[in-house]
file upload.cif (mmCIF, C-alpha atoms and all ligand atoms)
data_final
loop_
_atom_site.label_atom_id
_atom_site.label_comp_id
_atom_site.auth_asym_id
_atom_site.auth_seq_id
_atom_site.Cartn_x
_atom_site.Cartn_y
_atom_site.Cartn_z
CA MET A 1 22.28 6.99 -8.92
CA PRO A 2 22.19 9.64 -6.20
CA SER A 3 25.56 10.96 -5.06
CA LYS A 4 26.47 11.23 -1.39
CA SER A 5 29.24 13.74 -2.13
CA THR A 6 28.70 17.47 -1.49
CA PRO A 7 27.12 18.83 -4.65
CA ARG A 8 28.79 21.71 -6.45
CA VAL A 9 26.36 24.45 -7.40
CA PRO A 10 26.88 25.28 -11.07
CA PRO A 11 27.28 28.93 -12.02
CA GLN A 12 23.97 30.32 -13.32
CA ALA A 13 22.00 27.85 -11.18
CA SER A 14 19.69 30.48 -9.69
CA ARG A 15 18.93 32.06 -13.08
CA PHE A 16 18.28 28.61 -14.51
CA ARG A 17 15.85 27.89 -11.67
CA ARG A 18 14.02 31.21 -11.94
CA ARG A 19 13.54 30.98 -15.70
CA LEU A 20 12.52 27.35 -15.62
CA LEU A 21 9.94 27.89 -12.89
CA ALA A 22 8.46 30.95 -14.62
CA TRP A 23 8.14 28.96 -17.86
CA PHE A 24 6.52 26.02 -16.06
CA ARG A 25 3.91 28.25 -14.43
CA ARG A 26 2.81 29.31 -17.91
CA HIS A 27 3.40 26.19 -20.00
CA GLY A 28 3.24 23.18 -17.68
CA ARG A 29 0.56 20.71 -18.74
CA GLU A 30 -2.46 19.91 -16.59
CA LEU A 31 -1.91 16.25 -15.82
CA PRO A 32 -4.09 14.30 -13.37
CA TRP A 33 -1.16 13.19 -11.19
CA ARG A 34 -0.03 16.79 -10.75
CA ASN A 35 -3.21 17.64 -8.87
CA THR A 36 -2.69 15.17 -6.07
CA ARG A 37 -0.27 14.54 -3.22
CA ASP A 38 -1.80 11.15 -2.44
CA PRO A 39 1.26 8.86 -2.28
CA TYR A 40 -0.62 5.89 -3.77
CA ARG A 41 -1.86 7.91 -6.74
CA VAL A 42 1.55 9.47 -7.29
CA LEU A 43 3.20 6.06 -7.10
CA VAL A 44 0.78 4.51 -9.62
CA SER A 45 1.44 7.35 -12.07
CA GLU A 46 5.21 7.05 -11.69
CA VAL A 47 5.18 3.29 -12.27
CA MET A 48 2.97 3.71 -15.34
CA LEU A 49 5.15 6.52 -16.73
CA GLN A 50 8.35 4.46 -16.43
CA GLN A 51 8.06 3.03 -19.93
CA THR A 52 4.86 4.48 -21.33
CA GLN A 53 4.06 7.78 -23.00
CA VAL A 54 2.11 10.43 -21.10
CA SER A 55 -0.83 10.37 -23.56
CA ARG A 56 -1.28 6.64 -23.05
CA VAL A 57 -0.95 6.86 -19.28
CA GLU A 58 -3.60 9.59 -19.26
CA GLN A 59 -6.06 7.05 -20.69
CA PHE A 60 -5.20 4.17 -18.37
CA TYR A 61 -4.52 5.97 -15.10
CA PRO A 62 -8.13 6.92 -14.21
CA ARG A 63 -9.39 3.49 -15.21
CA PHE A 64 -6.85 1.74 -12.99
CA LEU A 65 -7.68 4.03 -10.07
CA ASP A 66 -11.40 3.45 -10.53
CA ARG A 67 -10.77 -0.27 -10.26
CA PHE A 68 -8.26 0.02 -7.37
CA PRO A 69 -9.00 3.32 -5.62
CA THR A 70 -6.68 2.67 -2.66
CA LEU A 71 -3.50 0.78 -1.91
CA ARG A 72 -5.55 -1.71 0.10
CA HIS A 73 -7.87 -2.41 -2.85
CA LEU A 74 -4.82 -3.16 -4.96
CA ALA A 75 -3.17 -5.31 -2.28
CA GLU A 76 -6.30 -7.43 -1.89
CA ALA A 77 -6.86 -7.96 -5.62
CA ARG A 78 -6.09 -11.21 -7.42
CA PRO A 79 -2.88 -11.02 -9.50
CA GLY A 80 -4.87 -11.95 -12.63
CA LEU A 81 -7.18 -8.99 -12.14
CA VAL A 82 -4.28 -6.55 -11.70
CA ARG A 83 -2.73 -7.84 -14.89
CA GLU A 84 -6.06 -7.48 -16.71
CA GLU A 85 -6.36 -3.82 -15.65
CA TRP A 86 -2.79 -3.21 -16.78
CA ASP A 87 -3.59 -4.62 -20.22
CA GLY A 88 -2.62 -2.12 -22.91
CA LEU A 89 0.22 -0.55 -20.94
CA GLY A 90 2.70 -3.37 -21.55
CA TYR A 91 5.77 -4.27 -19.44
CA TYR A 92 3.64 -6.34 -17.08
CA ARG A 93 6.50 -6.78 -14.64
CA ARG A 94 5.64 -3.24 -13.48
CA ALA A 95 2.11 -4.34 -12.56
CA ALA A 96 3.42 -7.38 -10.69
CA ASN A 97 5.92 -5.21 -8.76
CA LEU A 98 3.27 -2.62 -7.95
CA HIS A 99 1.01 -5.36 -6.63
CA ARG A 100 3.84 -6.82 -4.49
CA LEU A 101 4.66 -3.33 -3.27
CA ALA A 102 1.05 -2.75 -2.18
CA ARG A 103 1.05 -6.01 -0.22
CA GLU A 104 4.38 -5.21 1.39
CA VAL A 105 3.27 -1.72 2.44
CA ILE A 106 0.15 -3.19 4.04
CA ALA A 107 2.17 -5.89 5.81
CA ARG A 108 5.22 -3.89 6.90
CA HIS A 109 4.27 -0.22 6.93
CA ASP A 110 0.74 -0.37 8.30
CA GLY A 111 -0.63 0.57 4.88
CA ARG A 112 1.32 3.84 4.63
CA ILE A 113 3.74 4.40 1.78
CA PRO A 114 6.97 5.65 3.37
CA ALA A 115 8.12 9.21 2.67
CA GLY A 116 11.89 8.73 2.82
CA VAL A 117 13.97 7.89 -0.23
CA ASP A 118 15.93 5.15 1.57
CA GLU A 119 12.78 3.35 2.75
CA LEU A 120 11.09 3.76 -0.62
CA ARG A 121 14.05 2.18 -2.36
CA LEU A 122 13.56 -1.03 -0.41
CA LEU A 123 10.12 -1.56 -1.97
CA PRO A 124 9.68 -3.86 -4.99
CA GLY A 125 10.33 -2.19 -8.34
CA VAL A 126 11.36 1.17 -6.82
CA GLY A 127 14.67 2.49 -8.16
CA ALA A 128 16.48 5.75 -7.44
CA TYR A 129 14.31 7.82 -9.78
CA THR A 130 10.94 6.48 -8.57
CA ALA A 131 11.96 6.89 -4.92
CA GLY A 132 12.95 10.52 -5.53
CA ALA A 133 9.80 11.20 -7.53
CA VAL A 134 7.45 9.80 -4.87
CA ALA A 135 9.31 11.58 -2.05
CA SER A 136 9.11 14.87 -3.96
CA PHE A 137 5.73 14.66 -5.70
CA ALA A 138 3.74 13.07 -2.87
CA PHE A 139 5.55 14.29 0.25
CA GLU A 140 7.14 17.49 -1.06
CA ARG A 141 10.57 16.46 0.18
CA ALA A 142 13.40 18.50 -1.33
CA VAL A 143 15.13 15.59 -3.09
CA PRO A 144 16.17 15.23 -6.73
CA ALA A 145 14.50 12.87 -9.21
CA VAL A 146 16.58 12.29 -12.34
CA ASP A 147 14.85 10.43 -15.16
CA THR A 148 16.01 10.38 -18.79
CA ASN A 149 14.35 13.75 -19.55
CA VAL A 150 15.97 15.45 -16.58
CA ALA A 151 19.36 13.86 -17.27
CA ARG A 152 19.27 15.14 -20.86
CA VAL A 153 18.47 18.71 -19.81
CA LEU A 154 21.15 18.75 -17.09
CA ARG A 155 23.72 17.27 -19.41
CA ARG A 156 23.05 19.78 -22.19
CA ALA A 157 22.76 22.73 -19.84
CA PHE A 158 25.68 22.10 -17.45
CA HIS A 159 27.81 19.18 -18.63
CA PRO A 160 27.82 19.02 -22.43
CA ARG A 161 31.06 16.98 -22.46
CA LEU A 162 30.14 14.58 -19.67
CA GLY A 163 30.61 10.89 -20.50
CA LYS A 164 27.92 8.27 -19.99
CA GLY A 165 28.23 5.52 -17.40
CA ALA A 166 28.30 5.52 -13.62
CA HIS A 167 30.45 8.63 -13.19
CA GLY A 168 28.24 10.61 -15.59
CA ALA A 169 25.09 9.49 -13.77
CA ARG A 170 26.55 10.42 -10.36
CA THR A 171 27.51 13.87 -11.65
CA LEU A 172 24.00 14.51 -12.99
CA TRP A 173 22.38 13.47 -9.71
CA ALA A 174 24.80 15.72 -7.82
CA THR A 175 23.97 18.64 -10.12
CA ALA A 176 20.24 18.00 -9.72
CA ALA A 177 20.69 18.08 -5.92
CA ALA A 178 22.80 21.24 -6.09
CA ILE A 179 20.31 23.29 -8.09
CA LEU A 180 17.18 22.02 -6.34
CA PRO A 181 15.36 24.66 -4.27
CA ALA A 182 15.62 23.99 -0.53
CA ARG A 183 11.90 24.31 0.22
CA GLY A 184 9.82 21.23 -0.53
CA LYS A 185 7.04 23.00 -2.43
CA ALA A 186 9.51 24.80 -4.67
CA ALA A 187 11.46 21.55 -5.13
CA TRP A 188 8.19 19.87 -6.22
CA ALA A 189 7.70 22.55 -8.87
CA PHE A 190 11.33 22.43 -9.97
CA ASN A 191 11.31 18.65 -10.43
CA GLN A 192 8.07 18.84 -12.41
CA ALA A 193 9.36 21.75 -14.46
CA ILE A 194 12.67 20.25 -15.53
CA MET A 195 10.93 17.02 -16.54
CA GLU A 196 8.44 19.04 -18.54
CA LEU A 197 11.21 20.96 -20.29
CA GLY A 198 12.81 17.64 -21.28
CA ALA A 199 9.47 16.32 -22.53
CA LEU A 200 8.36 19.38 -24.50
CA VAL A 201 11.37 21.52 -25.48
CA CYS A 202 14.71 19.80 -24.90
CA THR A 203 13.66 16.47 -26.32
CA ALA A 204 15.75 13.44 -27.30
CA ARG A 205 14.97 14.09 -30.95
CA VAL A 206 15.56 17.81 -31.03
CA ALA A 207 16.70 20.60 -28.72
CA ARG A 208 14.43 23.58 -29.48
CA CYS A 209 16.88 26.10 -28.09
CA GLY A 210 15.22 28.99 -29.89
CA ALA A 211 12.04 28.40 -27.85
CA CYS A 212 13.74 27.45 -24.60
CA PRO A 213 13.39 29.56 -21.45
CA VAL A 214 16.90 28.67 -20.19
CA VAL A 215 18.80 29.20 -23.43
CA GLU A 216 20.84 32.09 -22.03
CA VAL A 217 22.13 30.01 -19.14
CA CYS A 218 22.55 26.69 -20.98
CA ALA A 219 25.99 25.65 -22.28
CA THR A 220 24.55 23.89 -25.35
CA GLY A 221 21.96 26.57 -26.04
CA LYS A 222 24.51 29.39 -25.89
CA ARG A 223 26.80 27.53 -28.28
CA GLN A 224 23.96 26.89 -30.72
CA GLN A 225 22.86 30.51 -30.60
CA SER A 226 26.36 31.82 -31.26
CA THR A 227 26.68 29.44 -34.24
CA VAL A 228 23.36 30.65 -35.64
CA THR A 229 24.37 34.30 -35.18
CA ALA A 230 27.78 33.73 -36.77
CA THR A 231 26.31 32.05 -39.86
CA ALA A 232 23.18 34.20 -40.24
CA PRO A 233 23.10 36.28 -43.45
CA PRO A 234 23.45 40.04 -42.92
CA THR A 235 20.19 41.82 -42.30
CA PRO A 236 19.11 43.48 -45.57
CA ALA A 237 18.77 47.23 -45.59
CA PRO A 238 15.15 48.35 -45.31
CA SER A 239 13.46 49.05 -48.63
CA PRO A 240 12.30 52.62 -49.12
CA ARG A 241 8.73 51.47 -48.67
CA ALA A 242 9.46 49.73 -45.34
CA ALA A 243 11.42 52.72 -44.15
CA ARG A 244 8.47 55.07 -44.35
S1 LIG B 1 18.75 25.76 -24.50
FE1 LIG B 1 18.59 24.01 -25.89
S2 LIG B 1 19.98 22.45 -25.09
FE2 LIG B 1 19.66 23.97 -23.47
S3 LIG B 1 18.00 23.15 -22.23
FE3 LIG B 1 17.08 24.50 -23.74
S4 LIG B 1 16.55 23.19 -25.50
FE4 LIG B 1 17.99 22.04 -24.18
#
call {"tool": "encode", "arguments": {"input": "upload.cif", "output": "structure tokens", "more": "lines below"}}
Ligand code: SF4
result
Amino acid sequence: MPSKSTPRVPPQASRFRRRLLAWFRRHGRELPWRNTRDPYRVLVSEVMLQQTQVSRVEQFYPRFLDRFPTLRHLAEARPGLVREEWDGLGYYRRAANLHRLAREVIARHDGRIPAGVDELRLLPGVGAYTAGAVASFAFERAVPAVDTNVARVLRRAFHPRLGKGAHGARTLWATAAAILPARGKAAWAFNQAIMELGALVCTARVARCGACPVVEVCATGKRQQSTVTATAPPTPAPSPRAAR
């Protein structure tokens, strides 16, 4: 739910960005869709990742691309064949939408996936997140892409008291836009990095603040750390042996 209002840059935004990007350079996973800017390949990965875990998508993604190496191959395939190749990923509506999208891009866009968020959003099965992700990851446009991982990180870091619902979603999109680097390449890395942090460190199950690169600039992390410090037992005096 992207916001059209002028985004307010949260305090600490530049430190958050710097730390996150440095962490991602060291800890970001090698994933096949991170090594391409081919819009079709990026789009396929984003549609697969919508409701399926990364480890499962890693198995199915190359197989699907072997079978349908280009958008045109996909557009010209029989619906039954597309469904067959999607078997194992579940949520078949995604495959049907992807197939319709391929046909529409061939018919209306001369076979080229559009680069702009507004045009992308008009394609079958493409919501706000997928449009932002394709614009950023394939075309290196400096636009936000807020999925559930990103929303969780932004909420915990900048808006720990924010309610859910439409207003909450608008605020998170506005924050994502406000802290995004202005250059497309850096925005690509930032969008990948914040998703990765939500997948590996700041997860739905547990926030591993002690291992988090942005803990010092995160509202939730700072609170957790001060609670831990306040309740930690006093450090014992060194034994004579240790003191030597
Ligand atoms: S410090 Fe904790 S709450 Fe904040 S982003 Fe990191 S893991 Fe999430």
call {"tool": "residues_around", "arguments": {"input": "upload.cif", "residues": "stretch 42-52 of chain A", "least_positions_apart": "2", "cutoff": "9 Å", "atoms": "all atoms listed in the file", "output": "NGL selection string"}}
result
:A and (32-34 or 36-40 or 54-57 or 60-61 or 64-65 or 89-91 or 94-95 or 98 or 125-126 or 130 or 133-134 or 137-138 or 147)
call {"tool": "atom_distance", "arguments": {"input": "upload.cif", "atom1": "atom CA of A:Arg121", "atom2": "atom CA of A:Arg83"}}
result
23.2 Å
call {"tool": "closest_residue", "arguments": {"input": "upload.cif", "among": "A:Ala142, A:Cys209, A:Ala96, A:Val9", "to": "A:Leu81", "atoms": "all atoms listed in the file"}}
result
A:Ala96
call {"tool": "atom_distance", "arguments": {"input": "upload.cif", "atom1": "atom CA of A:Val214", "atom2": "atom S3 of ligand LIG 1 (chain B)"}}
result
6.0 Å
call {"tool": "closest_residue", "arguments": {"input": "upload.cif", "among": "A:Arg161, A:Arg93, A:Arg223, A:Arg29", "to": "ligand LIG 1 (chain B)", "atoms": "all atoms listed in the file"}}
result
A:Arg223
call {"tool": "closest_atom_pairs", "arguments": {"input": "upload.cif", "of": "chain A", "to": "ligand LIG 1 (chain B)", "cutoff": "6 Å", "atoms": "only C-alpha atoms and all ligand atoms", "output": "JSON lines"}}
result
{"residue": "A:Val153", "atom": "CA", "partner": "B:LIG1", "partner_atom": "S3", "distance": 5.1}
{"residue": "A:Arg156", "atom": "CA", "partner": "B:LIG1", "partner_atom": "S2", "distance": 5.0}
{"residue": "A:Ala157", "atom": "CA", "partner": "B:LIG1", "partner_atom": "FE2", "distance": 4.9}
{"residue": "A:Val201", "atom": "CA", "partner": "B:LIG1", "partner_atom": "S4", "distance": 5.4}
{"residue": "A:Cys202", "atom": "CA", "partner": "B:LIG1", "partner_atom": "S4", "distance": 3.9}
{"residue": "A:Ala207", "atom": "CA", "partner": "B:LIG1", "partner_atom": "S4", "distance": 4.1}
{"residue": "A:Arg208", "atom": "CA", "partner": "B:LIG1", "partner_atom": "S4", "distance": 4.5}
{"residue": "A:Cys209", "atom": "CA", "partner": "B:LIG1", "partner_atom": "FE1", "distance": 3.5}
{"residue": "A:Cys212", "atom": "CA", "partner": "B:LIG1", "partner_atom": "FE3", "distance": 4.5}
{"residue": "A:Val214", "atom": "CA", "partner": "B:LIG1", "partner_atom": "FE3", "distance": 5.5}
{"residue": "A:Val215", "atom": "CA", "partner": "B:LIG1", "partner_atom": "S1", "distance": 3.6}
{"residue": "A:Cys218", "atom": "CA", "partner": "B:LIG1", "partner_atom": "FE2", "distance": 4.7}
{"residue": "A:Thr220", "atom": "CA", "partner": "B:LIG1", "partner_atom": "S2", "distance": 4.8}
{"residue": "A:Gly221", "atom": "CA", "partner": "B:LIG1", "partner_atom": "S1", "distance": 3.7}
call {"tool": "axis_aligned_box", "arguments": {"input": "upload.cif", "around": "stretch 158-170 of chain A", "padding_each_side": "4 Å", "output": "lines of an AutoDock Vina configuration file"}}
result
center_x = 28.1
center_y = 13.8
center_z = -16.4
size_x = 14.0
size_y = 24.6
size_z = 20.1
call {"tool": "residues_near_point", "arguments": {"input": "upload.cif", "point": "(15.0, 9.9, -12.2)", "cutoff": "12 Å", "atoms": "all atoms listed in the file", "output": "ChimeraX atom specification"}}
result
/A:1-2,46-47,49-50,126-136,143-152,154,169-170,172-173,176-177,191-192,194-195
call {"tool": "atom_distance", "arguments": {"input": "upload.cif", "atom1": "atom CA of A:Ser226", "atom2": "atom CA of A:Gly168"}}
result
26.4 Å
call {"tool": "closest_residue", "arguments": {"input": "upload.cif", "among": "A:His109, A:Arg26, A:Arg19, A:His159", "to": "A:Glu216", "atoms": "all atoms listed in the file"}}
result
A:Arg19
call {"tool": "residues_around", "arguments": {"input": "upload.cif", "residues": "A:Gly28", "least_positions_apart": "2", "cutoff": "9 Å", "atoms": "all atoms listed in the file", "output": "JSON, numbers by chain"}}
result
{"A": [23, 24, 25, 26, 30, 31, 192, 193, 196, 197]}
call {"tool": "residues_around", "arguments": {"input": "upload.cif", "residues": "A:Arg18", "least_positions_apart": "3", "cutoff": "12 Å", "atoms": "all atoms listed in the file", "output": "list of chain:residue names"}}
result
A:Gln12, A:Ala13, A:Ser14, A:Arg15, A:Leu21, A:Ala22, A:Trp23, A:Phe24, A:Arg25, A:Ile179, A:Leu180, A:Pro181, A:Ala186, A:Ala189, A:Phe190, A:Ala193, A:Ile194, A:Pro213, A:Val214, A:Val217
call {"tool": "closest_residue", "arguments": {"input": "upload.cif", "among": "A:Leu20, A:Ala75, A:Val105, A:Ala204", "to": "A:Glu119", "atoms": "all atoms listed in the file"}}
result
A:Val105
